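Undergrad: Sharing query20.cif here; it has mmCIF, N, CA and C atoms.
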data_start
#
loop_
_atom_site.label_atom_id
_atom_site.label_comp_id
_atom_site.auth_asym_id
_atom_site.auth_seq_id
_atom_site.Cartn_x
_atom_site.Cartn_y
_atom_site.Cartn_z
N MET Q 1 8.49 -14.43 2.27
CA MET Q 1 8.38 -13.05 1.82
C MET Q 1 8.87 -12.15 2.95
N ILE Q 2 9.70 -11.21 2.59
CA ILE Q 2 10.20 -10.19 3.53
C ILE Q 2 9.66 -8.84 3.09
N LEU Q 3 8.91 -8.19 3.97
CA LEU Q 3 8.43 -6.84 3.69
C LEU Q 3 9.59 -5.88 3.91
N ASP Q 4 9.87 -5.07 2.90
CA ASP Q 4 11.01 -4.17 2.97
C ASP Q 4 10.64 -2.73 3.29
N GLU Q 5 9.65 -2.19 2.58
CA GLU Q 5 9.31 -0.79 2.78
C GLU Q 5 7.86 -0.54 2.39
N LEU Q 6 7.24 0.37 3.11
CA LEU Q 6 5.89 0.82 2.80
C LEU Q 6 5.94 2.33 2.64
N VAL Q 7 5.43 2.82 1.52
CA VAL Q 7 5.34 4.27 1.30
C VAL Q 7 3.86 4.63 1.24
N ILE Q 8 3.47 5.55 2.09
CA ILE Q 8 2.07 5.98 2.18
C ILE Q 8 2.00 7.44 1.78
N GLU Q 9 1.12 7.76 0.86
CA GLU Q 9 0.98 9.14 0.40
C GLU Q 9 -0.46 9.60 0.56
N ASN Q 10 -0.67 10.56 1.46
CA ASN Q 10 -1.98 11.16 1.70
C ASN Q 10 -3.07 10.11 1.97
N PHE Q 11 -2.76 9.19 2.86
CA PHE Q 11 -3.70 8.13 3.21
C PHE Q 11 -3.78 8.01 4.72
N GLY Q 12 -4.99 7.93 5.24
CA GLY Q 12 -5.19 7.82 6.68
C GLY Q 12 -4.67 9.06 7.39
N VAL Q 13 -3.89 8.84 8.44
CA VAL Q 13 -3.33 9.96 9.20
C VAL Q 13 -2.03 10.48 8.61
N TYR Q 14 -1.60 9.90 7.49
CA TYR Q 14 -0.30 10.25 6.89
C TYR Q 14 -0.48 11.25 5.75
N GLY Q 15 -0.14 12.50 6.03
CA GLY Q 15 -0.15 13.53 5.00
C GLY Q 15 1.18 13.57 4.27
N GLY Q 16 1.15 13.95 3.02
CA GLY Q 16 2.37 13.98 2.23
C GLY Q 16 2.83 12.56 1.94
N CYS Q 17 4.11 12.40 1.73
CA CYS Q 17 4.68 11.09 1.39
C CYS Q 17 5.54 10.61 2.56
N GLN Q 18 5.16 9.50 3.15
CA GLN Q 18 5.85 8.96 4.32
C GLN Q 18 6.33 7.54 4.02
N ALA Q 19 7.58 7.23 4.34
CA ALA Q 19 8.13 5.89 4.12
C ALA Q 19 8.39 5.21 5.46
N VAL Q 20 8.04 3.94 5.52
CA VAL Q 20 8.27 3.13 6.73
C VAL Q 20 9.16 1.96 6.32
N THR Q 21 10.34 1.88 6.91
CA THR Q 21 11.24 0.76 6.63
C THR Q 21 10.79 -0.44 7.46
N LEU Q 22 10.56 -1.55 6.78
CA LEU Q 22 10.07 -2.75 7.45
C LEU Q 22 11.10 -3.89 7.46
N THR Q 23 12.19 -3.73 6.73
CA THR Q 23 13.20 -4.78 6.65
C THR Q 23 13.79 -5.03 8.03
N PRO Q 24 13.79 -6.27 8.47
CA PRO Q 24 14.43 -6.56 9.76
C PRO Q 24 15.91 -6.20 9.71
N VAL Q 25 16.42 -5.63 10.79
CA VAL Q 25 17.81 -5.19 10.82
C VAL Q 25 18.77 -6.35 11.09
N ASP Q 26 18.25 -7.47 11.55
CA ASP Q 26 19.10 -8.58 11.95
C ASP Q 26 18.40 -9.89 11.57
N THR Q 27 19.08 -10.75 10.83
CA THR Q 27 18.47 -12.02 10.41
C THR Q 27 18.22 -12.95 11.59
N ASP Q 28 18.91 -12.73 12.70
CA ASP Q 28 18.66 -13.54 13.90
C ASP Q 28 17.39 -13.10 14.63
N HIS Q 29 16.92 -11.90 14.34
CA HIS Q 29 15.70 -11.36 14.95
C HIS Q 29 14.82 -10.77 13.86
N PRO Q 30 14.18 -11.61 13.04
CA PRO Q 30 13.44 -11.12 11.86
C PRO Q 30 12.05 -10.58 12.19
N ILE Q 31 12.02 -9.63 13.11
CA ILE Q 31 10.74 -9.06 13.53
C ILE Q 31 10.84 -7.54 13.47
N THR Q 32 9.80 -6.92 12.99
CA THR Q 32 9.70 -5.46 13.01
C THR Q 32 8.51 -5.11 13.88
N ILE Q 33 8.73 -4.24 14.85
CA ILE Q 33 7.67 -3.83 15.76
C ILE Q 33 7.28 -2.39 15.45
N VAL Q 34 5.98 -2.16 15.33
CA VAL Q 34 5.46 -0.82 15.11
C VAL Q 34 4.69 -0.44 16.36
N GLY Q 35 5.09 0.63 17.00
CA GLY Q 35 4.43 1.07 18.23
C GLY Q 35 4.08 2.53 18.17
N GLY Q 36 3.20 2.94 19.05
CA GLY Q 36 2.81 4.34 19.12
C GLY Q 36 1.54 4.52 19.91
N LEU Q 37 1.22 5.75 20.22
CA LEU Q 37 0.00 6.07 20.94
C LEU Q 37 -1.22 5.84 20.05
N ASN Q 38 -2.38 5.82 20.67
CA ASN Q 38 -3.63 5.68 19.92
C ASN Q 38 -3.76 6.83 18.91
N GLY Q 39 -4.24 6.48 17.71
CA GLY Q 39 -4.49 7.48 16.69
C GLY Q 39 -3.25 7.94 15.94
N ARG Q 40 -2.13 7.25 16.08
CA ARG Q 40 -0.89 7.68 15.46
C ARG Q 40 -0.57 6.95 14.15
N GLY Q 41 -1.40 5.96 13.74
CA GLY Q 41 -1.23 5.37 12.42
C GLY Q 41 -0.78 3.93 12.35
N LYS Q 42 -0.77 3.22 13.48
CA LYS Q 42 -0.37 1.81 13.45
C LYS Q 42 -1.32 0.99 12.58
N THR Q 43 -2.60 1.15 12.77
CA THR Q 43 -3.59 0.41 11.99
C THR Q 43 -3.57 0.85 10.53
N THR Q 44 -3.30 2.12 10.28
CA THR Q 44 -3.20 2.61 8.91
C THR Q 44 -2.07 1.89 8.17
N ILE Q 45 -0.97 1.61 8.86
CA ILE Q 45 0.13 0.87 8.24
C ILE Q 45 -0.35 -0.52 7.83
N LEU Q 46 -1.05 -1.21 8.72
CA LEU Q 46 -1.56 -2.54 8.39
C LEU Q 46 -2.58 -2.47 7.25
N ASP Q 47 -3.45 -1.48 7.28
CA ASP Q 47 -4.44 -1.32 6.21
C ASP Q 47 -3.75 -1.05 4.87
N ALA Q 48 -2.72 -0.22 4.88
CA ALA Q 48 -2.00 0.10 3.64
C ALA Q 48 -1.34 -1.14 3.05
N ILE Q 49 -0.79 -2.00 3.89
CA ILE Q 49 -0.19 -3.24 3.39
C ILE Q 49 -1.28 -4.11 2.76
N GLN Q 50 -2.41 -4.24 3.44
CA GLN Q 50 -3.53 -5.02 2.91
C GLN Q 50 -4.01 -4.46 1.57
N LEU Q 51 -4.17 -3.14 1.51
CA LEU Q 51 -4.65 -2.51 0.27
C LEU Q 51 -3.67 -2.70 -0.87
N ALA Q 52 -2.38 -2.56 -0.60
CA ALA Q 52 -1.39 -2.75 -1.66
C ALA Q 52 -1.50 -4.16 -2.24
N LEU Q 53 -1.62 -5.14 -1.39
CA LEU Q 53 -1.65 -6.54 -1.84
C LEU Q 53 -2.99 -6.96 -2.43
N TYR Q 54 -4.10 -6.51 -1.84
CA TYR Q 54 -5.41 -7.08 -2.19
C TYR Q 54 -6.43 -6.10 -2.77
N GLY Q 55 -6.15 -4.80 -2.76
CA GLY Q 55 -7.09 -3.84 -3.34
C GLY Q 55 -8.48 -3.94 -2.73
N ASN Q 56 -9.51 -4.05 -3.57
CA ASN Q 56 -10.88 -4.04 -3.05
C ASN Q 56 -11.22 -5.29 -2.25
N ARG Q 57 -10.36 -6.30 -2.25
CA ARG Q 57 -10.59 -7.50 -1.43
C ARG Q 57 -9.89 -7.43 -0.08
N ALA Q 58 -9.20 -6.33 0.19
CA ALA Q 58 -8.47 -6.17 1.45
C ALA Q 58 -9.43 -6.15 2.63
N ARG Q 59 -9.00 -6.76 3.70
CA ARG Q 59 -9.77 -6.75 4.95
C ARG Q 59 -9.20 -5.65 5.83
N VAL Q 60 -9.73 -4.45 5.66
CA VAL Q 60 -9.19 -3.28 6.34
C VAL Q 60 -10.13 -2.83 7.45
N SER Q 61 -9.58 -2.05 8.37
CA SER Q 61 -10.36 -1.55 9.49
C SER Q 61 -11.28 -0.41 9.03
N ASN Q 62 -12.28 -0.16 9.77
CA ASN Q 62 -13.19 0.98 9.56
C ASN Q 62 -13.89 1.01 8.21
N ARG Q 63 -13.92 -0.11 7.50
CA ARG Q 63 -14.64 -0.11 6.23
C ARG Q 63 -16.14 -0.20 6.49
N GLU Q 64 -16.52 -0.94 7.51
CA GLU Q 64 -17.90 -1.00 7.98
C GLU Q 64 -18.92 -1.19 6.87
N GLY Q 65 -18.62 -2.10 5.94
CA GLY Q 65 -19.56 -2.39 4.87
C GLY Q 65 -19.62 -1.36 3.76
N LEU Q 66 -18.74 -0.36 3.79
CA LEU Q 66 -18.73 0.65 2.73
C LEU Q 66 -18.26 0.04 1.42
N PRO Q 67 -18.80 0.50 0.31
CA PRO Q 67 -18.22 0.12 -0.98
C PRO Q 67 -16.76 0.59 -1.03
N TYR Q 68 -15.95 -0.09 -1.82
CA TYR Q 68 -14.52 0.19 -1.90
C TYR Q 68 -14.25 1.66 -2.21
N GLU Q 69 -14.94 2.21 -3.20
CA GLU Q 69 -14.72 3.61 -3.58
C GLU Q 69 -14.99 4.54 -2.40
N ALA Q 70 -16.08 4.33 -1.70
CA ALA Q 70 -16.43 5.18 -0.56
C ALA Q 70 -15.38 5.05 0.55
N TYR Q 71 -14.91 3.83 0.77
CA TYR Q 71 -13.88 3.63 1.80
C TYR Q 71 -12.60 4.39 1.44
N ILE Q 72 -12.14 4.26 0.20
CA ILE Q 72 -10.91 4.94 -0.22
C ILE Q 72 -11.07 6.45 -0.12
N ARG Q 73 -12.19 6.96 -0.56
CA ARG Q 73 -12.41 8.42 -0.49
C ARG Q 73 -12.41 8.89 0.96
N ARG Q 74 -12.98 8.10 1.85
CA ARG Q 74 -13.03 8.47 3.27
C ARG Q 74 -11.65 8.33 3.94
N ALA Q 75 -10.83 7.38 3.45
CA ALA Q 75 -9.52 7.14 4.04
C ALA Q 75 -8.46 8.13 3.57
N ARG Q 76 -8.76 8.90 2.57
CA ARG Q 76 -7.81 9.90 2.05
C ARG Q 76 -7.49 10.91 3.16
N PHE Q 77 -6.23 11.31 3.25
CA PHE Q 77 -5.80 12.28 4.27
C PHE Q 77 -6.60 13.56 4.11
N ARG Q 78 -7.25 13.98 5.19
CA ARG Q 78 -8.18 15.11 5.12
C ARG Q 78 -7.50 16.45 4.79
N GLY Q 79 -6.25 16.61 5.13
CA GLY Q 79 -5.56 17.87 4.89
C GLY Q 79 -4.89 17.96 3.53
N ALA Q 80 -5.04 16.95 2.70
CA ALA Q 80 -4.37 16.95 1.38
C ALA Q 80 -5.05 17.92 0.43
N GLU Q 81 -4.25 18.51 -0.43
CA GLU Q 81 -4.80 19.34 -1.50
C GLU Q 81 -5.72 18.48 -2.36
N PRO Q 82 -6.80 19.05 -2.91
CA PRO Q 82 -7.74 18.26 -3.70
C PRO Q 82 -7.08 17.51 -4.87
N SER Q 83 -6.03 18.09 -5.45
CA SER Q 83 -5.40 17.45 -6.60
C SER Q 83 -4.23 16.53 -6.22
N ALA Q 84 -3.95 16.40 -4.92
CA ALA Q 84 -2.79 15.62 -4.46
C ALA Q 84 -3.02 14.12 -4.66
N ASN Q 85 -1.92 13.42 -4.92
CA ASN Q 85 -1.98 11.97 -5.06
C ASN Q 85 -2.33 11.30 -3.74
N CYS Q 86 -2.95 10.15 -3.85
CA CYS Q 86 -3.22 9.28 -2.71
C CYS Q 86 -2.78 7.89 -3.16
N SER Q 87 -1.84 7.28 -2.43
CA SER Q 87 -1.33 5.99 -2.87
C SER Q 87 -0.69 5.23 -1.73
N VAL Q 88 -0.53 3.93 -1.96
CA VAL Q 88 0.26 3.07 -1.07
C VAL Q 88 1.18 2.24 -1.96
N THR Q 89 2.43 2.10 -1.53
CA THR Q 89 3.42 1.33 -2.28
C THR Q 89 4.12 0.39 -1.31
N LEU Q 90 4.08 -0.89 -1.63
CA LEU Q 90 4.71 -1.91 -0.79
C LEU Q 90 5.85 -2.56 -1.56
N SER Q 91 7.02 -2.58 -0.95
CA SER Q 91 8.18 -3.28 -1.52
C SER Q 91 8.46 -4.50 -0.67
N PHE Q 92 8.67 -5.63 -1.34
CA PHE Q 92 8.98 -6.86 -0.61
C PHE Q 92 9.86 -7.74 -1.47
N SER Q 93 10.49 -8.72 -0.85
CA SER Q 93 11.35 -9.63 -1.58
C SER Q 93 10.99 -11.07 -1.24
N ILE Q 94 11.23 -11.93 -2.21
CA ILE Q 94 10.97 -13.36 -2.05
C ILE Q 94 12.27 -14.08 -2.41
N VAL Q 95 12.69 -14.96 -1.53
CA VAL Q 95 13.90 -15.73 -1.74
C VAL Q 95 13.51 -17.17 -2.06
N ASP Q 96 14.05 -17.69 -3.16
CA ASP Q 96 13.86 -19.10 -3.49
C ASP Q 96 15.19 -19.68 -3.96
N THR Q 97 15.16 -20.86 -4.49
CA THR Q 97 16.41 -21.52 -4.89
C THR Q 97 17.13 -20.78 -6.02
N ALA Q 98 16.41 -19.99 -6.80
CA ALA Q 98 17.02 -19.25 -7.91
C ALA Q 98 17.61 -17.91 -7.45
N GLY Q 99 17.32 -17.50 -6.24
CA GLY Q 99 17.83 -16.23 -5.73
C GLY Q 99 16.72 -15.37 -5.15
N THR Q 100 16.99 -14.09 -5.05
CA THR Q 100 16.03 -13.14 -4.47
C THR Q 100 15.38 -12.32 -5.58
N VAL Q 101 14.06 -12.24 -5.52
CA VAL Q 101 13.31 -11.40 -6.45
C VAL Q 101 12.66 -10.29 -5.64
N CYS Q 102 12.86 -9.05 -6.07
CA CYS Q 102 12.28 -7.89 -5.39
C CYS Q 102 11.05 -7.41 -6.15
N TYR Q 103 9.97 -7.19 -5.43
CA TYR Q 103 8.71 -6.71 -6.00
C TYR Q 103 8.34 -5.38 -5.37
N GLN Q 104 7.60 -4.61 -6.13
CA GLN Q 104 7.02 -3.37 -5.63
C GLN Q 104 5.61 -3.27 -6.21
N ILE Q 105 4.65 -3.07 -5.32
CA ILE Q 105 3.25 -2.92 -5.74
C ILE Q 105 2.81 -1.51 -5.37
N ARG Q 106 2.28 -0.79 -6.34
CA ARG Q 106 1.81 0.58 -6.08
C ARG Q 106 0.36 0.71 -6.52
N ARG Q 107 -0.49 1.07 -5.57
CA ARG Q 107 -1.89 1.39 -5.87
C ARG Q 107 -2.07 2.87 -5.61
N SER Q 108 -2.65 3.55 -6.58
CA SER Q 108 -2.95 4.97 -6.41
C SER Q 108 -4.40 5.21 -6.82
N TRP Q 109 -4.95 6.26 -6.25
CA TRP Q 109 -6.36 6.56 -6.49
C TRP Q 109 -6.51 8.00 -6.95
N SER Q 110 -7.50 8.20 -7.81
CA SER Q 110 -7.74 9.53 -8.39
C SER Q 110 -8.14 10.52 -7.31
N ALA Q 111 -7.93 11.79 -7.63
CA ALA Q 111 -8.31 12.88 -6.74
C ALA Q 111 -9.82 12.89 -6.55
N PRO Q 112 -10.30 13.39 -5.42
CA PRO Q 112 -11.73 13.32 -5.10
C PRO Q 112 -12.67 14.00 -6.08
N GLU Q 113 -12.19 15.05 -6.77
CA GLU Q 113 -13.09 15.76 -7.68
C GLU Q 113 -13.23 15.05 -9.03
N ARG Q 114 -12.44 14.02 -9.25
CA ARG Q 114 -12.50 13.26 -10.50
C ARG Q 114 -13.28 11.96 -10.29
N PRO Q 115 -13.74 11.33 -11.38
CA PRO Q 115 -14.37 10.01 -11.23
C PRO Q 115 -13.37 9.04 -10.61
N PHE Q 116 -13.87 8.14 -9.78
CA PHE Q 116 -12.98 7.21 -9.06
C PHE Q 116 -12.24 6.31 -10.03
N LYS Q 117 -10.94 6.25 -9.84
CA LYS Q 117 -10.11 5.36 -10.65
C LYS Q 117 -8.95 4.89 -9.81
N GLU Q 118 -8.70 3.59 -9.86
CA GLU Q 118 -7.55 3.01 -9.19
C GLU Q 118 -6.52 2.60 -10.24
N LYS Q 119 -5.26 2.88 -9.95
CA LYS Q 119 -4.19 2.47 -10.85
C LYS Q 119 -3.30 1.51 -10.07
N LEU Q 120 -2.99 0.37 -10.68
CA LEU Q 120 -2.14 -0.63 -10.06
C LEU Q 120 -0.92 -0.86 -10.94
N GLU Q 121 0.26 -0.78 -10.34
CA GLU Q 121 1.50 -1.07 -11.04
C GLU Q 121 2.31 -2.05 -10.20
N VAL Q 122 2.83 -3.09 -10.85
CA VAL Q 122 3.67 -4.07 -10.18
C VAL Q 122 5.02 -4.07 -10.88
N PHE Q 123 6.07 -3.97 -10.07
CA PHE Q 123 7.44 -3.97 -10.58
C PHE Q 123 8.15 -5.21 -10.04
N ARG Q 124 8.94 -5.81 -10.90
CA ARG Q 124 9.74 -6.97 -10.52
C ARG Q 124 11.19 -6.64 -10.81
N ASP Q 125 12.02 -6.66 -9.78
CA ASP Q 125 13.43 -6.28 -9.89
C ASP Q 125 13.60 -4.93 -10.58
N GLY Q 126 12.75 -3.97 -10.21
CA GLY Q 126 12.88 -2.60 -10.70
C GLY Q 126 12.24 -2.29 -12.03
N ARG Q 127 11.74 -3.30 -12.71
CA ARG Q 127 11.10 -3.07 -14.01
C ARG Q 127 9.61 -3.36 -13.91
N ARG Q 128 8.81 -2.50 -14.54
CA ARG Q 128 7.36 -2.71 -14.53
C ARG Q 128 7.05 -4.04 -15.22
N ASP Q 129 6.27 -4.86 -14.54
CA ASP Q 129 5.86 -6.15 -15.08
C ASP Q 129 4.42 -6.01 -15.56
N ARG Q 130 4.27 -5.92 -16.87
CA ARG Q 130 2.94 -5.68 -17.46
C ARG Q 130 1.96 -6.79 -17.11
N ALA Q 131 2.38 -8.03 -17.22
CA ALA Q 131 1.49 -9.18 -16.95
C ALA Q 131 1.03 -9.16 -15.49
N LEU Q 132 1.94 -8.95 -14.56
CA LEU Q 132 1.54 -8.89 -13.15
C LEU Q 132 0.67 -7.68 -12.87
N SER Q 133 0.97 -6.54 -13.49
CA SER Q 133 0.17 -5.33 -13.30
C SER Q 133 -1.27 -5.52 -13.77
N GLU Q 134 -1.46 -6.32 -14.81
CA GLU Q 134 -2.81 -6.52 -15.35
C GLU Q 134 -3.58 -7.63 -14.66
N THR Q 135 -2.88 -8.55 -13.98
CA THR Q 135 -3.56 -9.71 -13.41
C THR Q 135 -3.46 -9.84 -11.90
N TRP Q 136 -2.79 -8.91 -11.24
CA TRP Q 136 -2.54 -9.05 -9.80
C TRP Q 136 -3.83 -9.23 -9.03
#
Translate this file's structure into structure tokens.

TA:
Amino acid sequence: MILDELVIENFGVYGGCQAVTLTPVDTDHPITIVGGLNGRGKTTILDAIQLALYGNRARVSNREGLPYEAYIRRARFRGAEPSANCSVTLSFSIVDTAGTVCYQIRRSWSAPERPFKEKLEVFRDGRRDRALSETW
């Protein structure tokens, strides 16, 4: 599996919609390094990847035994408008003998003033995959 891109919207220290390209630039050096000062969002990137893939089963930082809903509400970017979206989207590709399949997983959460709701969408080669979206 090759991680291609992570889009974070109003989550952690990331206000608005921020995209992080993760695709290695060179097949001879298939490593992506994320660096920065303390408090700049390195751990948030790792948490967002975990959340996209595993949802309430993700092993994320600073959860400290909180229920999933409480963790997500606390992780929402503090400066976001109350009605603004909060989401993480991970794009990745898998290569096998049949070729390359591109996936995109998007988890979004309801605004804080509404009842908690998570929406999960999984896309395969650009098309929403209903079966994967319902069973991921």

Undergrad: Which is closest to Gly79 of chain Q among Q:Tyr54, Q:Gly15, Q:Ile8, Q:Ser61, if we use all atoms listed in the file?

TA: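 That would be Q:Gly15, the residue with the smallest distance to Gly79 of chain Q.
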
Undergrad: As an exercise, work out the distance from atom CA of Tyr71 of chain Q to atom C of Arg128 of chain Q in Å and give it to one decimal place.

TA: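 If I compute the distance from atom CA of Tyr71 of chain Q to atom C of Arg128 of chain Q, I get 28.0 Å.
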
Undergrad: Given the choices Q:Gln104, Q:Asn62, Q:Thr27, Q:Ser110, which gets closest to Val122 of chain Q if the distance is worked out from only C-alpha atoms?

TA: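 For Val122 of chain Q, the nearest of the given residues is Q:Gln104.
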
Undergrad: What's the separation between atom N of Leu3 of chain Q and atom N of Ala70 of chain Q, in Å to one decimal place?

TA: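 These atoms are spaced 28.5 Å apart.
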
Undergrad: Given all atoms listed in the file as the basis, pick out the residue of Q:Ala75, Q:Pro112, Q:Glu134, Q:Val88 nearest to Leu6 of chain Q.

TA: Q:Val88

Undergrad: Could you work out how far atom N of Arg114 of chain Q lies from atom N of Gly16 of chain Q, giving the answer in Å with one decimal?

TA: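 Atom-to-atom, atom N of Gly16 of chain Q to atom N of Arg114 of chain Q, that is 18.3 Å.
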
Undergrad: Pick the closest to Ala52 of chain Q from Q:Arg74, Q:Ser83, Q:Arg40, Q:Arg106: which is it, counting all atoms listed in the file?

TA: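 The closest residue to Ala52 of chain Q is Q:Arg106.
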
Undergrad: Within 8 Å of (-4.0, -3.7, -4.3) (file coordinates; all atoms listed in the file), which protein or nucleic acid residues are there? I'd like them as a list in words.

TA: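 Every polymer residue passing the test: Ile49, Gln50, Leu51, Ala52, Leu53, Tyr54, Gly55, Asn56, Arg57, Ala58, Ile105, Arg106, Arg107, Ser108, Lys119, Leu120, Glu121 and Trp136 of chain Q.
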
Undergrad: With N, CA and C atoms retained, export the selected residues as a PDB file, in the coordinates of the input.

TA:
ATOM      1  N   ILE Q  49      -0.790  -2.000   3.890  1.00  0.00           N
ATOM      2  CA  ILE Q  49      -0.190  -3.240   3.390  1.00  0.00           C
ATOM      3  C   ILE Q  49      -1.280  -4.110   2.760  1.00  0.00           C
ATOM      4  N   GLN Q  50      -2.410  -4.240   3.440  1.00  0.00           N
ATOM      5  CA  GLN Q  50      -3.530  -5.020   2.910  1.00  0.00           C
ATOM      6  C   GLN Q  50      -4.010  -4.460   1.570  1.00  0.00           C
ATOM      7  N   LEU Q  51      -4.170  -3.140   1.510  1.00  0.00           N
ATOM      8  CA  LEU Q  51      -4.650  -2.510   0.270  1.00  0.00           C
ATOM      9  C   LEU Q  51      -3.670  -2.700  -0.870  1.00  0.00           C
ATOM     10  N   ALA Q  52      -2.380  -2.560  -0.600  1.00  0.00           N
ATOM     11  CA  ALA Q  52      -1.390  -2.750  -1.660  1.00  0.00           C
ATOM     12  C   ALA Q  52      -1.500  -4.160  -2.240  1.00  0.00           C
ATOM     13  N   LEU Q  53      -1.620  -5.140  -1.390  1.00  0.00           N
ATOM     14  CA  LEU Q  53      -1.650  -6.540  -1.840  1.00  0.00           C
ATOM     15  C   LEU Q  53      -2.990  -6.960  -2.430  1.00  0.00           C
ATOM     16  N   TYR Q  54      -4.100  -6.510  -1.840  1.00  0.00           N
ATOM     17  CA  TYR Q  54      -5.410  -7.080  -2.190  1.00  0.00           C
ATOM     18  C   TYR Q  54      -6.430  -6.100  -2.770  1.00  0.00           C
ATOM     19  N   GLY Q  55      -6.150  -4.800  -2.760  1.00  0.00           N
ATOM     20  CA  GLY Q  55      -7.090  -3.840  -3.340  1.00  0.00           C
ATOM     21  C   GLY Q  55      -8.480  -3.940  -2.730  1.00  0.00           C
ATOM     22  N   ASN Q  56      -9.510  -4.050  -3.570  1.00  0.00           N
ATOM     23  CA  ASN Q  56     -10.880  -4.040  -3.050  1.00  0.00           C
ATOM     24  C   ASN Q  56     -11.220  -5.290  -2.250  1.00  0.00           C
ATOM     25  N   ARG Q  57     -10.360  -6.300  -2.250  1.00  0.00           N
ATOM     26  CA  ARG Q  57     -10.590  -7.500  -1.430  1.00  0.00           C
ATOM     27  C   ARG Q  57      -9.890  -7.430  -0.080  1.00  0.00           C
ATOM     28  N   ALA Q  58      -9.200  -6.330   0.190  1.00  0.00           N
ATOM     29  CA  ALA Q  58      -8.470  -6.170   1.450  1.00  0.00           C
ATOM     30  C   ALA Q  58      -9.430  -6.150   2.630  1.00  0.00           C
ATOM     31  N   ILE Q 105       4.650  -3.070  -5.320  1.00  0.00           N
ATOM     32  CA  ILE Q 105       3.250  -2.920  -5.740  1.00  0.00           C
ATOM     33  C   ILE Q 105       2.810  -1.510  -5.370  1.00  0.00           C
ATOM     34  N   ARG Q 106       2.280  -0.790  -6.340  1.00  0.00           N
ATOM     35  CA  ARG Q 106       1.810   0.580  -6.080  1.00  0.00           C
ATOM     36  C   ARG Q 106       0.360   0.710  -6.520  1.00  0.00           C
ATOM     37  N   ARG Q 107      -0.490   1.070  -5.570  1.00  0.00           N
ATOM     38  CA  ARG Q 107      -1.890   1.390  -5.870  1.00  0.00           C
ATOM     39  C   ARG Q 107      -2.070   2.870  -5.610  1.00  0.00           C
ATOM     40  N   SER Q 108      -2.650   3.550  -6.580  1.00  0.00           N
ATOM     41  CA  SER Q 108      -2.950   4.970  -6.410  1.00  0.00           C
ATOM     42  C   SER Q 108      -4.400   5.210  -6.820  1.00  0.00           C
ATOM     43  N   LYS Q 119      -5.260   2.880  -9.950  1.00  0.00           N
ATOM     44  CA  LYS Q 119      -4.190   2.470 -10.850  1.00  0.00           C
ATOM     45  C   LYS Q 119      -3.300   1.510 -10.070  1.00  0.00           C
ATOM     46  N   LEU Q 120      -2.990   0.370 -10.680  1.00  0.00           N
ATOM     47  CA  LEU Q 120      -2.140  -0.630 -10.060  1.00  0.00           C
ATOM     48  C   LEU Q 120      -0.920  -0.860 -10.940  1.00  0.00           C
ATOM     49  N   GLU Q 121       0.260  -0.780 -10.340  1.00  0.00           N
ATOM     50  CA  GLU Q 121       1.500  -1.070 -11.040  1.00  0.00           C
ATOM     51  C   GLU Q 121       2.310  -2.050 -10.200  1.00  0.00           C
ATOM     52  N   TRP Q 136      -2.790  -8.910 -11.240  1.00  0.00           N
ATOM     53  CA  TRP Q 136      -2.540  -9.050  -9.800  1.00  0.00           C
ATOM     54  C   TRP Q 136      -3.830  -9.230  -9.030  1.00  0.00           C
TER      55      TRP Q 136
END

Undergrad: Could you pull out the strand (DSSP E or B) residues of chain Q from DSSP and send them as a ChimeraX atom specification?

TA: /Q:2-11,14-21,76,86-96,99-109,118-124,127-128

Undergrad: With only C-alpha atoms as the basis for distance, which of Q:Ala48, Q:Glu64, Q:Arg59, Q:Phe92 is at the shortest distance from Leu22 of chain Q?

TA: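 Of Q:Ala48, Q:Glu64, Q:Arg59, Q:Phe92, the one nearest Leu22 of chain Q, counting only C-alpha atoms, is Q:Phe92.
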
Undergrad: From a DSSP calculation on the backbone, collect every residue of chain Q in alpha helix (DSSP H) and output the set as a PyMOL selection string.

TA: chain Q and resi 42-54+68-75+130-135

Undergrad: Find the residue from Q:Thr21, Q:Thr89, Q:Pro30, Q:Arg76 that sits nearest to Val7 of chain Q; use only N, CA and C atoms when measuring.

TA: Q:Thr89
